[in-house]
>>> print(open('data-v8.txt').read())   # compact mmCIF, C-alpha atoms
# COMPACT_ATOMS: atom_id res chain seq x y z
CA MET A 1 -23.76 103.55 2.14
CA GLN A 2 -21.09 103.56 -0.48
CA GLN A 3 -19.88 107.03 -1.41
CA THR A 4 -18.16 107.99 -4.60
CA LYS A 5 -15.97 110.91 -5.57
CA THR A 6 -15.15 111.72 -9.16
CA PHE A 7 -12.17 113.40 -10.70
CA PHE A 8 -10.80 113.75 -14.18
CA ASN A 9 -7.44 113.77 -15.77
CA GLU A 10 -6.81 114.65 -19.39
CA GLU A 11 -8.10 111.51 -20.95
CA LYS A 12 -9.77 109.33 -18.35
CA PHE A 13 -12.61 109.57 -15.99
CA PHE A 14 -12.09 107.90 -12.64
CA VAL A 15 -14.42 107.04 -9.84
CA PHE A 16 -13.19 106.69 -6.29
CA HIS A 17 -15.26 104.44 -4.11
CA SER A 18 -15.39 104.66 -0.35
CA ASN A 19 -13.71 101.27 -0.19
CA HIS A 20 -10.62 102.98 -1.72
CA SER A 21 -10.82 101.00 -4.91
CA LEU A 22 -10.13 103.04 -7.97
CA PHE A 23 -11.59 102.03 -11.23
CA TYR A 24 -11.75 103.54 -14.61
CA LYS A 25 -15.20 103.97 -16.05
CA PRO A 26 -14.70 105.14 -19.58
CA PHE A 27 -18.35 105.27 -20.43
CA TYR A 28 -19.76 106.65 -17.24
CA LYS A 29 -22.58 108.98 -18.08
CA TYR A 30 -21.66 112.49 -17.12
CA TYR A 31 -23.20 114.89 -19.56
CA HIS A 32 -21.73 118.33 -19.67
CA PHE A 33 -21.82 119.54 -23.21
CA MET A 34 -18.48 120.06 -24.92
CA LYS A 35 -16.35 119.43 -21.87
CA ASP A 36 -13.32 117.26 -22.23
CA LEU A 37 -14.94 114.24 -20.61
CA ASN A 38 -15.64 110.76 -21.80
CA PHE A 39 -19.21 109.90 -22.57
CA THR A 40 -21.36 107.03 -23.72
CA GLU A 41 -21.29 105.40 -27.15
CA LYS A 42 -24.88 106.47 -27.77
CA GLU A 43 -24.05 110.07 -26.93
CA SER A 44 -21.04 109.79 -29.17
CA LEU A 45 -23.23 108.73 -32.07
CA GLU A 46 -25.74 111.48 -31.31
CA LEU A 47 -22.94 114.06 -31.27
CA ILE A 48 -21.59 112.84 -34.62
CA SER A 49 -25.07 113.03 -36.14
CA GLN A 50 -25.69 116.47 -34.61
CA MET A 51 -22.39 117.87 -35.89
CA ILE A 52 -22.98 116.51 -39.39
CA GLN A 53 -26.48 118.03 -39.48
CA GLN A 54 -25.18 121.34 -38.15
CA SER A 55 -22.37 121.56 -40.67
CA LYS A 56 -24.76 120.58 -43.49
CA LYS A 57 -27.19 123.31 -42.47
CA ASN A 58 -24.44 125.90 -42.56
CA LEU A 59 -23.00 124.75 -45.85
CA GLU A 60 -26.14 124.47 -47.93
CA ILE A 61 -26.31 128.22 -48.39
CA GLY A 62 -24.28 129.00 -51.48
CA ASP A 63 -24.55 131.95 -53.81
CA GLY A 64 -24.31 132.69 -57.49
CA ASN A 65 -22.38 135.95 -57.17
CA ILE A 66 -19.29 134.67 -59.02
CA LEU A 67 -21.51 133.78 -62.00
CA LEU A 68 -23.00 137.26 -61.89
CA TYR A 69 -19.58 138.98 -61.79
CA TYR A 70 -18.48 137.17 -64.95
CA GLY A 71 -21.93 137.28 -66.58
CA TYR A 72 -22.46 141.03 -66.23
CA THR A 73 -18.84 141.77 -67.24
CA ALA A 74 -19.42 139.70 -70.42
CA ILE A 75 -22.64 141.55 -71.26
CA ILE A 76 -21.13 145.02 -70.67
CA LEU A 77 -18.07 144.12 -72.76
CA ALA A 78 -20.20 142.52 -75.49
CA ILE A 79 -22.30 145.66 -75.94
CA THR A 80 -19.22 147.92 -75.69
CA VAL A 81 -17.16 145.96 -78.23
CA TYR A 82 -20.11 145.56 -80.61
CA THR A 83 -20.90 149.28 -80.50
CA LEU A 84 -17.26 150.42 -80.90
CA VAL A 85 -16.57 148.02 -83.80
CA HIS A 86 -19.89 148.97 -85.44
CA VAL A 87 -19.20 152.71 -85.16
CA THR A 88 -15.45 152.75 -85.97
CA HIS A 89 -15.32 149.67 -88.28
CA ASP A 90 -12.05 148.84 -86.53
CA ALA A 91 -11.72 145.31 -85.11
CA VAL A 92 -8.93 146.46 -82.78
CA TRP A 93 -11.64 147.29 -80.23
CA SER A 94 -12.12 143.54 -79.77
CA SER A 95 -9.01 143.65 -77.59
CA ILE A 96 -11.32 145.08 -74.87
CA TRP A 97 -12.36 141.45 -74.37
CA PHE A 98 -9.14 140.98 -72.39
CA LEU A 99 -10.97 142.82 -69.59
CA MET A 100 -12.77 139.49 -69.00
CA PHE A 101 -9.75 138.71 -66.81
CA LEU A 102 -10.73 141.66 -64.57
CA PRO A 103 -13.32 139.76 -62.44
CA PHE A 104 -10.75 136.97 -61.96
CA ILE A 105 -8.14 139.44 -60.65
CA LEU A 106 -10.65 141.27 -58.42
CA ILE A 107 -12.07 138.01 -57.00
CA SER A 108 -8.53 136.70 -56.31
CA VAL A 109 -7.58 139.93 -54.48
CA ALA A 110 -10.82 139.83 -52.44
CA ASN A 111 -10.24 136.14 -51.55
CA ASN A 112 -6.74 136.92 -50.33
CA ARG A 113 -8.09 139.68 -48.07
CA SER A 114 -10.82 137.64 -46.44
CA LYS A 115 -10.90 133.88 -46.55
CA PRO A 116 -14.14 131.99 -45.85
CA GLN A 117 -14.63 130.41 -42.44
CA VAL A 118 -15.01 127.01 -43.97
CA THR A 119 -14.11 125.32 -47.25
CA THR A 120 -16.27 122.35 -48.12
CA HIS A 121 -15.38 119.38 -50.32
CA ILE A 122 -17.80 120.86 -52.87
CA ASP A 123 -15.95 124.20 -52.75
CA LYS A 124 -12.69 122.39 -53.40
CA ALA A 125 -14.12 120.48 -56.37
CA ILE A 126 -15.58 123.66 -57.88
CA ASN A 127 -12.41 125.71 -57.25
CA SER A 128 -10.25 123.00 -58.82
CA THR A 129 -12.52 122.82 -61.90
CA TRP A 130 -12.39 126.58 -62.43
CA SER A 131 -8.69 126.71 -61.71
CA ILE A 132 -8.04 124.22 -64.55
CA LEU A 133 -10.38 126.14 -66.87
CA GLY A 134 -8.72 129.43 -65.86
CA TRP A 135 -5.36 128.02 -66.87
CA LEU A 136 -6.87 126.86 -70.17
CA PHE A 137 -8.09 130.43 -70.85
CA LEU A 138 -4.63 131.80 -70.12
CA LEU A 139 -2.80 129.10 -72.10
CA SER A 140 -5.07 129.66 -75.09
CA VAL A 141 -4.21 133.38 -75.10
CA VAL A 142 -0.47 132.60 -74.79
CA ILE A 143 -0.52 129.95 -77.55
CA ILE A 144 -2.51 132.21 -79.91
CA ALA A 145 0.01 135.00 -79.18
CA ILE A 146 2.99 132.69 -79.88
CA PHE A 147 1.44 131.47 -83.15
CA GLY A 148 0.68 135.09 -83.98
CA LEU A 149 4.35 136.01 -83.60
CA VAL A 150 5.31 133.11 -85.90
CA VAL A 151 2.74 133.56 -88.68
CA GLY A 152 2.32 137.32 -88.36
CA THR A 153 -1.43 137.30 -87.61
CA PHE A 154 -2.99 137.13 -84.17
CA TYR A 155 -6.19 135.08 -84.22
CA PHE A 156 -7.56 136.36 -80.93
CA SER A 157 -11.09 136.12 -82.35
CA LEU A 158 -10.74 132.39 -81.63
CA MET A 159 -10.96 133.27 -77.95
CA LEU A 160 -14.71 133.95 -78.28
CA PRO A 161 -15.74 130.37 -79.20
CA LEU A 162 -13.02 128.87 -76.98
CA SER A 163 -14.17 130.96 -74.00
CA LEU A 164 -17.76 129.87 -74.57
CA LEU A 165 -16.67 126.23 -74.60
CA TYR A 166 -14.45 126.55 -71.50
CA ALA A 167 -17.04 128.55 -69.54
CA GLY A 168 -19.82 126.20 -70.68
CA ILE A 169 -17.92 123.13 -69.52
CA GLY A 170 -17.18 124.85 -66.19
CA ILE A 171 -20.81 125.84 -65.61
CA SER A 172 -22.06 122.34 -66.52
CA ILE A 173 -19.59 120.62 -64.15
CA THR A 174 -20.45 123.13 -61.39
CA GLY A 175 -24.15 122.38 -61.97
CA VAL A 176 -23.48 118.65 -61.60
CA ILE A 177 -21.43 119.19 -58.40
CA ILE A 178 -24.00 121.40 -56.69
CA ASN A 179 -26.91 119.40 -58.16
CA PHE A 180 -28.50 122.42 -59.86
CA LYS A 181 -30.01 121.05 -63.07
CA LEU A 182 -30.58 124.39 -64.80
CA MET A 183 -26.84 125.06 -64.68
CA ILE A 184 -26.13 121.72 -66.33
CA TYR A 185 -28.25 122.55 -69.38
CA THR A 186 -28.00 126.34 -69.90
CA PRO A 187 -24.43 126.03 -71.30
CA LEU A 188 -25.95 124.20 -74.31
CA VAL A 189 -26.66 127.67 -75.71
CA ALA A 190 -22.96 128.52 -75.36
CA PHE A 191 -21.92 125.24 -77.04
CA ILE A 192 -24.23 125.90 -80.00
CA ALA A 193 -22.94 129.48 -80.29
CA ALA A 194 -19.32 128.28 -80.07
CA ILE A 195 -19.80 125.65 -82.77
CA TYR A 196 -21.55 128.21 -84.99
CA MET A 197 -18.56 130.55 -84.54
CA LEU A 198 -16.05 127.78 -85.27
CA ILE A 199 -17.93 126.77 -88.46
CA SER A 200 -17.86 130.43 -89.49
CA LEU A 201 -14.08 130.32 -89.25
CA ILE A 202 -13.86 127.85 -92.14
CA PRO A 203 -11.94 129.57 -95.00
CA GLY A 204 -14.17 131.71 -97.16
CA SER A 205 -16.43 132.78 -94.30
CA PHE A 206 -15.97 135.87 -92.15
CA ILE A 207 -15.95 136.91 -88.52
CA SER A 208 -19.06 138.92 -87.83
CA ASN A 209 -19.38 141.74 -85.33
CA TRP A 210 -22.55 140.14 -84.05
CA TRP A 211 -20.41 137.38 -82.48
CA ASN A 212 -19.83 139.86 -79.66
CA LEU A 213 -23.54 140.11 -78.95
CA LEU A 214 -23.94 136.34 -79.30
CA PHE A 215 -21.18 135.89 -76.73
CA GLY A 216 -22.92 138.31 -74.34
CA ALA A 217 -26.30 136.61 -74.85
CA SER A 218 -24.76 133.19 -74.16
CA PHE A 219 -23.32 134.48 -70.88
CA LEU A 220 -26.72 135.96 -69.98
CA ILE A 221 -28.39 132.55 -70.33
CA MET A 222 -25.47 130.49 -69.02
CA MET A 223 -24.36 132.61 -66.04
CA ILE A 224 -26.66 135.49 -65.14
CA ILE A 225 -29.96 133.58 -65.04
CA PRO A 226 -28.59 130.63 -62.97
CA GLY A 227 -26.62 133.10 -60.82
CA HIS A 228 -29.77 135.02 -59.84
CA LEU A 229 -31.69 131.78 -59.29
CA LEU A 230 -28.91 130.47 -57.03
CA ASN A 231 -28.97 133.69 -55.02
CA HIS A 232 -32.76 133.44 -54.73
CA LYS A 233 -32.42 129.84 -53.53
CA ALA A 234 -29.75 130.86 -51.00
CA LYS A 235 -31.99 133.66 -49.61
CA GLU A 236 -34.91 131.26 -49.26
CA SER A 237 -32.84 128.76 -47.29
CA CYS A 238 -31.62 131.48 -44.83
CA MET B 1 -13.88 91.29 -26.83
CA LEU B 2 -14.74 94.81 -27.89
CA LYS B 3 -11.89 97.10 -28.77
CA GLU B 4 -11.46 100.28 -26.73
CA LEU B 5 -12.57 103.48 -28.38
CA ASN B 6 -9.65 105.76 -29.23
CA PRO B 7 -9.42 107.99 -26.12
CA LEU B 8 -8.00 110.84 -28.17
CA ILE B 9 -11.19 111.02 -30.19
CA HIS B 10 -13.62 109.79 -27.55
CA SER B 11 -14.04 113.15 -25.89
CA GLN B 12 -16.99 115.38 -26.67
CA LEU B 13 -15.11 118.40 -27.94
CA ARG B 14 -12.45 116.46 -29.84
CA LEU B 15 -15.09 114.21 -31.42
CA ALA B 16 -17.09 117.28 -32.43
CA ILE B 17 -13.97 118.83 -34.01
CA MET B 18 -13.09 115.61 -35.84
CA THR B 19 -16.68 115.17 -37.13
CA LEU B 20 -16.84 118.77 -38.35
CA LEU B 21 -13.51 118.37 -40.11
CA VAL B 22 -14.66 115.13 -41.76
CA SER B 23 -17.61 117.06 -43.22
CA VAL B 24 -15.48 119.84 -44.70
CA GLU B 25 -12.20 120.33 -46.51
CA GLU B 26 -10.92 123.03 -44.17
CA ALA B 27 -12.38 125.08 -41.34
CA ASP B 28 -11.02 128.04 -39.43
CA PHE B 29 -10.87 128.51 -35.67
CA SER B 30 -13.92 130.79 -35.46
CA TYR B 31 -16.08 128.30 -37.41
CA LEU B 32 -15.12 125.46 -35.08
CA LYS B 33 -15.74 127.70 -32.07
CA GLU B 34 -19.21 128.66 -33.33
CA GLN B 35 -20.21 125.11 -34.15
CA THR B 36 -18.97 123.54 -30.93
CA ASN B 37 -19.85 126.37 -28.50
CA ALA B 38 -16.46 125.82 -26.91
CA THR B 39 -14.32 128.52 -25.31
CA SER B 40 -11.25 129.68 -27.23
CA GLY B 41 -8.90 128.31 -24.58
CA ASN B 42 -10.48 124.87 -24.47
CA LEU B 43 -10.70 124.66 -28.25
CA SER B 44 -7.01 125.62 -28.61
CA VAL B 45 -5.96 122.92 -26.15
CA GLN B 46 -8.00 120.23 -27.93
CA LEU B 47 -6.78 121.31 -31.37
CA ASP B 48 -3.19 121.05 -30.14
CA LYS B 49 -3.84 117.54 -28.82
CA LEU B 50 -5.30 116.42 -32.14
CA SER B 51 -2.47 118.10 -34.02
CA ASN B 52 0.19 116.45 -31.83
CA ALA B 53 -1.46 113.09 -32.53
CA GLY B 54 -1.15 113.84 -36.25
CA TYR B 55 -4.93 113.76 -36.76
CA ILE B 56 -5.28 117.34 -37.95
CA LYS B 57 -3.05 119.88 -39.63
CA ILE B 58 -3.16 123.40 -38.25
CA THR B 59 -2.13 126.26 -40.52
CA LYS B 60 -1.56 129.78 -39.23
CA GLU B 61 -1.42 132.59 -41.77
CA PHE B 62 -2.01 136.30 -42.16
CA VAL B 63 -5.16 137.32 -44.01
CA GLY B 64 -4.93 141.07 -44.40
CA LYS B 65 -3.76 142.26 -41.00
CA LYS B 66 -5.40 139.46 -39.02
CA THR B 67 -4.06 136.02 -38.24
CA ARG B 68 -6.12 133.07 -39.38
CA THR B 69 -5.88 129.59 -37.93
CA SER B 70 -7.30 126.91 -40.15
CA CYS B 71 -7.54 123.17 -39.58
CA ARG B 72 -7.93 120.20 -41.87
CA LEU B 73 -8.05 116.47 -41.24
CA THR B 74 -4.92 114.50 -42.16
CA GLU B 75 -4.98 111.05 -43.78
CA GLU B 76 -4.07 109.62 -40.37
CA GLY B 77 -6.98 111.53 -38.84
CA LYS B 78 -9.37 110.15 -41.46
CA ARG B 79 -8.17 106.60 -40.74
CA ALA B 80 -8.50 107.13 -36.97
CA MET B 81 -12.01 108.47 -37.42
CA GLU B 82 -13.01 105.53 -39.65
CA GLU B 83 -11.66 103.11 -37.07
CA TYR B 84 -13.48 104.98 -34.28
CA ILE B 85 -16.79 104.74 -36.17
CA GLU B 86 -16.25 101.02 -36.83
CA ILE B 87 -15.62 100.32 -33.14
CA LEU B 88 -18.56 102.51 -32.17
CA LYS B 89 -20.79 100.50 -34.51
CA SER B 90 -19.65 97.26 -32.89
CA TYR B 91 -20.47 98.67 -29.43
CA LEU B 92 -23.96 99.61 -30.57
CA ASN B 93 -24.43 96.41 -32.58
CA LEU B 94 -25.05 98.36 -35.76
>>> encode(input="data-v8.txt", output="structure tokens")
Amino acid sequence: MQQTKTFFNEEKFFVFHSNHSLFYKPFYKYYHFMKDLNFTEKESLELISQMIQQSKKNLEIGDGNILLYYGYTAIILAITVYTLVHVTHDAVWSSIWFLMFLPFILISVANNRSKPQVTTHIDKAINSTWSILGWLFLLSVVIIAIFGLVVGTFYFSLMLPLSLLYAGIGISITGVIINFKLMIYTPLVAFIAAIYMLISLIPGSFISNWWNLLFGASFLIMMIIPGHLLNHKAKESC
Amino acid sequence: MLKELNPLIHSQLRLAIMTLLVSVEEADFSYLKEQTNATSGNLSVQLDKLSNAGYIKITKEFVGKKTRTSCRLTEEGKRAMEEYIEILKSYLNL
């Protein structure tokens, strides 16, 4: 009877036969999960399929917390600014809107302290979209400030319609990427509000205090509602 | 004649790592360990082999006070994986 003895080196799997012939059997079936051994083509395909399914399962669970951080900040600031301007009749309180950068700073600090285990291609696309929009926010503030220094008036009220447009575009693109239809369409409210605000800026019209509330309401529809729905969806899939 | 499957990829753990990294942009050591059920030692050895072959890029950084090892597939790794799949398909007549 022919006897065989097996041994392994780093890359190859050899079989010694009793007749002292040594031959390399790259696809010899020896199943020991996740050991550094060669295995059959069919097993290879099964492993690829299994790993793809496993990674998909782990990556489908996303959450809408980022939307909620920005959404609730917008609503709190909207009510605060509206109330302060209404009571004091001083538009300087609108500068509180700069606190909209606060969630961005806090999220950045938190991300630096604990990075996620895995970054998907979807995460990268979403992060890149918001990174570009974040820079647009910042550039808009800088450009308005520079023009303000030149002409003597700072038109920071423009930031309300611009922010609605930027955030709306970001939410819509995010909705397309994660295939969440509600997020694609809810920013329409923000676009309408932004266009209304821009039309109001035509000479002869005036900037109303209620813009602040309109801004907050747009964020409620555009960010808070989809954010909670996303979280609900994520809980269900757990 | 059928081409030989790339021996650097045609190993259960290394193939699992490569497949996981194809599916994501970047993954850290603990994620790969969880998904593959491999031991830390074995996973480290296989990651080094793939890194030495230029198939993956390993980045070590400090996150807070802890070290974090993250891996991502390189362009060469993507090409090697595509070639591996093509050869595999020819073996299985797909």
>>> atom_distance(input="data-v8.txt", atom1="atom CA of B:Ala53", atom2="atom CA of B:Thr19")
16.0 Å
>>> closest_residue(input="data-v8.txt", among="A:Ala193, A:Tyr70, A:Val85, A:Ala110", to="chain B", atoms="all atoms listed in the file")
A:Ala110
>>> closest_residue(input="data-v8.txt", among="A:Val176, A:Leu136, A:Ile66, A:Ile48", to="chain B", atoms="all atoms listed in the file")
A:Ile48
>>> residues_around(input="data-v8.txt", residues="stretch 81-87 of chain B", least_positions_apart="6", cutoff="7 Å", atoms="all atoms listed in the file", output="PDB file with C-alpha atoms, in the frame of the given file")
ATOM      1  CA  LYS B   3     -11.890  97.100 -28.770  1.00  0.00           C
ATOM      2  CA  LEU B   5     -12.570 103.480 -28.380  1.00  0.00           C
ATOM      3  CA  ASN B   6      -9.650 105.760 -29.230  1.00  0.00           C
TER       4      ASN B   6
END
>>> closest_residue(input="data-v8.txt", among="B:Asn42, B:Thr36, B:Asn52, B:Thr59", to="B:Leu15", atoms="all atoms listed in the file")
B:Thr36
>>> atom_distance(input="data-v8.txt", atom1="atom CA of A:Thr186", atom2="atom CA of A:Ile221")
6.2 Å
>>> closest_residue(input="data-v8.txt", among="B:Val45, B:Leu2, B:Ile58, B:Ile9", to="B:Asn93", atoms="all atoms listed in the file")
B:Leu2
>>> atom_distance(input="data-v8.txt", atom1="atom CA of A:Ile207", atom2="atom CA of A:Ser157")
7.9 Å
>>> axis_aligned_box(input="data-v8.txt", around="stretch 214-222 of chain A", padding_each_side="5 Å", output="JSON")
{"center_x": -24.8, "center_y": 134.4, "center_z": -74.2, "size_x": 17.2, "size_y": 17.8, "size_z": 20.3}
>>> residues_around(input="data-v8.txt", residues="A:Ser218", least_positions_apart="3", cutoff="7 Å", atoms="all atoms listed in the file", output="PyMOL selection string")
chain A and resi 189-190+214-215+221-222
>>> interface_residues(input="data-v8.txt", of="chain B", to="chain A", cutoff="8 Å", atoms="only C-alpha atoms", output="PyMOL selection string")
chain B and resi 7-8+10-16+19-20+23-31+35-38+63-64+88+91-92
>>> residues_around(input="data-v8.txt", residues="A:Ile96", least_positions_apart="5", cutoff="12 Å", atoms="all atoms listed in the file", output="number ranges by chain")
A: 73-74, 76-85, 91, 101-102, 156-157, 212
>>> build_atoms(input="data-v8.txt", residues="stretch 51-84 of chain B", atoms="N, CA and C atoms", output="mmCIF file, keeping the file's coordinate frame")
data_model
loop_
_atom_site.group_PDB
_atom_site.id
_atom_site.type_symbol
_atom_site.label_atom_id
_atom_site.label_comp_id
_atom_site.auth_asym_id
_atom_site.auth_seq_id
_atom_site.Cartn_x
_atom_site.Cartn_y
_atom_site.Cartn_z
ATOM 1 N N SER B 51 -3.591 117.810 -33.112
ATOM 2 C CA SER B 51 -2.470 118.100 -34.020
ATOM 3 C C SER B 51 -1.235 117.293 -33.624
ATOM 4 N N ASN B 52 -0.976 117.224 -32.314
ATOM 5 C CA ASN B 52 0.190 116.450 -31.830
ATOM 6 C C ASN B 52 0.039 114.960 -32.150
ATOM 7 N N ALA B 53 -1.220 114.503 -32.191
ATOM 8 C CA ALA B 53 -1.460 113.090 -32.530
ATOM 9 C C ALA B 53 -1.363 112.857 -34.035
ATOM 10 N N GLY B 54 -1.259 113.950 -34.791
ATOM 11 C CA GLY B 54 -1.150 113.840 -36.250
ATOM 12 C C GLY B 54 -2.496 113.673 -36.931
ATOM 13 N N TYR B 55 -3.589 113.944 -36.186
ATOM 14 C CA TYR B 55 -4.930 113.760 -36.760
ATOM 15 C C TYR B 55 -5.386 114.980 -37.572
ATOM 16 N N ILE B 56 -4.896 116.147 -37.185
ATOM 17 C CA ILE B 56 -5.280 117.340 -37.950
ATOM 18 C C ILE B 56 -4.028 118.162 -38.260
ATOM 19 N N LYS B 57 -4.160 118.997 -39.285
ATOM 20 C CA LYS B 57 -3.050 119.880 -39.630
ATOM 21 C C LYS B 57 -3.529 121.304 -39.379
ATOM 22 N N ILE B 58 -2.777 122.017 -38.558
ATOM 23 C CA ILE B 58 -3.160 123.400 -38.250
ATOM 24 C C ILE B 58 -2.269 124.337 -39.054
ATOM 25 N N THR B 59 -2.898 125.283 -39.738
ATOM 26 C CA THR B 59 -2.130 126.260 -40.520
ATOM 27 C C THR B 59 -2.434 127.655 -39.979
ATOM 28 N N LYS B 60 -1.373 128.390 -39.692
ATOM 29 C CA LYS B 60 -1.560 129.780 -39.230
ATOM 30 C C LYS B 60 -1.027 130.702 -40.314
ATOM 31 N N GLU B 61 -1.841 131.674 -40.699
ATOM 32 C CA GLU B 61 -1.420 132.590 -41.770
ATOM 33 C C GLU B 61 -2.001 133.974 -41.519
ATOM 34 N N PHE B 62 -1.472 134.947 -42.232
ATOM 35 C CA PHE B 62 -2.010 136.300 -42.160
ATOM 36 C C PHE B 62 -2.979 136.510 -43.307
ATOM 37 N N VAL B 63 -4.197 136.936 -42.979
ATOM 38 C CA VAL B 63 -5.160 137.320 -44.010
ATOM 39 C C VAL B 63 -5.431 138.793 -43.775
ATOM 40 N N GLY B 64 -4.908 139.630 -44.659
ATOM 41 C CA GLY B 64 -4.930 141.070 -44.400
ATOM 42 C C GLY B 64 -4.007 141.337 -43.222
ATOM 43 N N LYS B 65 -4.578 141.977 -42.183
ATOM 44 C CA LYS B 65 -3.760 142.260 -41.000
ATOM 45 C C LYS B 65 -4.027 141.264 -39.871
ATOM 46 N N LYS B 66 -5.014 140.397 -40.091
ATOM 47 C CA LYS B 66 -5.400 139.460 -39.020
ATOM 48 C C LYS B 66 -4.754 138.095 -39.222
ATOM 49 N N THR B 67 -4.566 137.394 -38.115
ATOM 50 C CA THR B 67 -4.060 136.020 -38.240
ATOM 51 C C THR B 67 -5.258 135.082 -38.392
ATOM 52 N N ARG B 68 -5.049 134.049 -39.151
ATOM 53 C CA ARG B 68 -6.120 133.070 -39.380
ATOM 54 C C ARG B 68 -5.573 131.689 -39.093
ATOM 55 N N THR B 69 -6.278 130.966 -38.225
ATOM 56 C CA THR B 69 -5.880 129.590 -37.930
ATOM 57 C C THR B 69 -6.875 128.661 -38.595
ATOM 58 N N SER B 70 -6.389 127.836 -39.489
ATOM 59 C CA SER B 70 -7.300 126.910 -40.150
ATOM 60 C C SER B 70 -6.863 125.468 -39.879
ATOM 61 N N CYS B 71 -7.825 124.577 -39.899
ATOM 62 C CA CYS B 71 -7.540 123.170 -39.580
ATOM 63 C C CYS B 71 -8.117 122.274 -40.670
ATOM 64 N N ARG B 72 -7.412 121.227 -40.954
ATOM 65 C CA ARG B 72 -7.930 120.200 -41.870
ATOM 66 C C ARG B 72 -7.520 118.829 -41.357
ATOM 67 N N LEU B 73 -8.330 117.831 -41.683
ATOM 68 C CA LEU B 73 -8.050 116.470 -41.240
ATOM 69 C C LEU B 73 -6.906 115.877 -42.069
ATOM 70 N N THR B 74 -5.998 115.177 -41.427
ATOM 71 C CA THR B 74 -4.920 114.500 -42.160
ATOM 72 C C THR B 74 -5.403 113.105 -42.570
ATOM 73 N N GLU B 75 -4.621 112.419 -43.382
ATOM 74 C CA GLU B 75 -4.980 111.050 -43.780
ATOM 75 C C GLU B 75 -5.036 110.151 -42.542
ATOM 76 N N GLU B 76 -4.098 110.391 -41.616
ATOM 77 C CA GLU B 76 -4.070 109.620 -40.370
ATOM 78 C C GLU B 76 -5.332 109.886 -39.548
ATOM 79 N N GLY B 77 -5.752 111.140 -39.549
ATOM 80 C CA GLY B 77 -6.980 111.530 -38.840
ATOM 81 C C GLY B 77 -8.199 110.849 -39.440
ATOM 82 N N LYS B 78 -8.230 110.805 -40.782
ATOM 83 C CA LYS B 78 -9.370 110.150 -41.460
ATOM 84 C C LYS B 78 -9.422 108.674 -41.092
ATOM 85 N N ARG B 79 -8.235 108.033 -41.084
ATOM 86 C CA ARG B 79 -8.170 106.600 -40.740
ATOM 87 C C ARG B 79 -8.621 106.383 -39.303
ATOM 88 N N ALA B 80 -8.142 107.257 -38.397
ATOM 89 C CA ALA B 80 -8.500 107.130 -36.970
ATOM 90 C C ALA B 80 -10.005 107.283 -36.779
ATOM 91 N N MET B 81 -10.579 108.210 -37.535
ATOM 92 C CA MET B 81 -12.010 108.470 -37.420
ATOM 93 C C MET B 81 -12.814 107.280 -37.959
ATOM 94 N N GLU B 82 -12.334 106.706 -39.073
ATOM 95 C CA GLU B 82 -13.010 105.530 -39.650
ATOM 96 C C GLU B 82 -12.985 104.371 -38.655
ATOM 97 N N GLU B 83 -11.814 104.190 -38.040
ATOM 98 C CA GLU B 83 -11.660 103.110 -37.070
ATOM 99 C C GLU B 83 -12.571 103.347 -35.856
ATOM 100 N N TYR B 84 -12.643 104.611 -35.423
ATOM 101 C CA TYR B 84 -13.480 104.980 -34.280
ATOM 102 C C TYR B 84 -14.947 104.636 -34.568
#
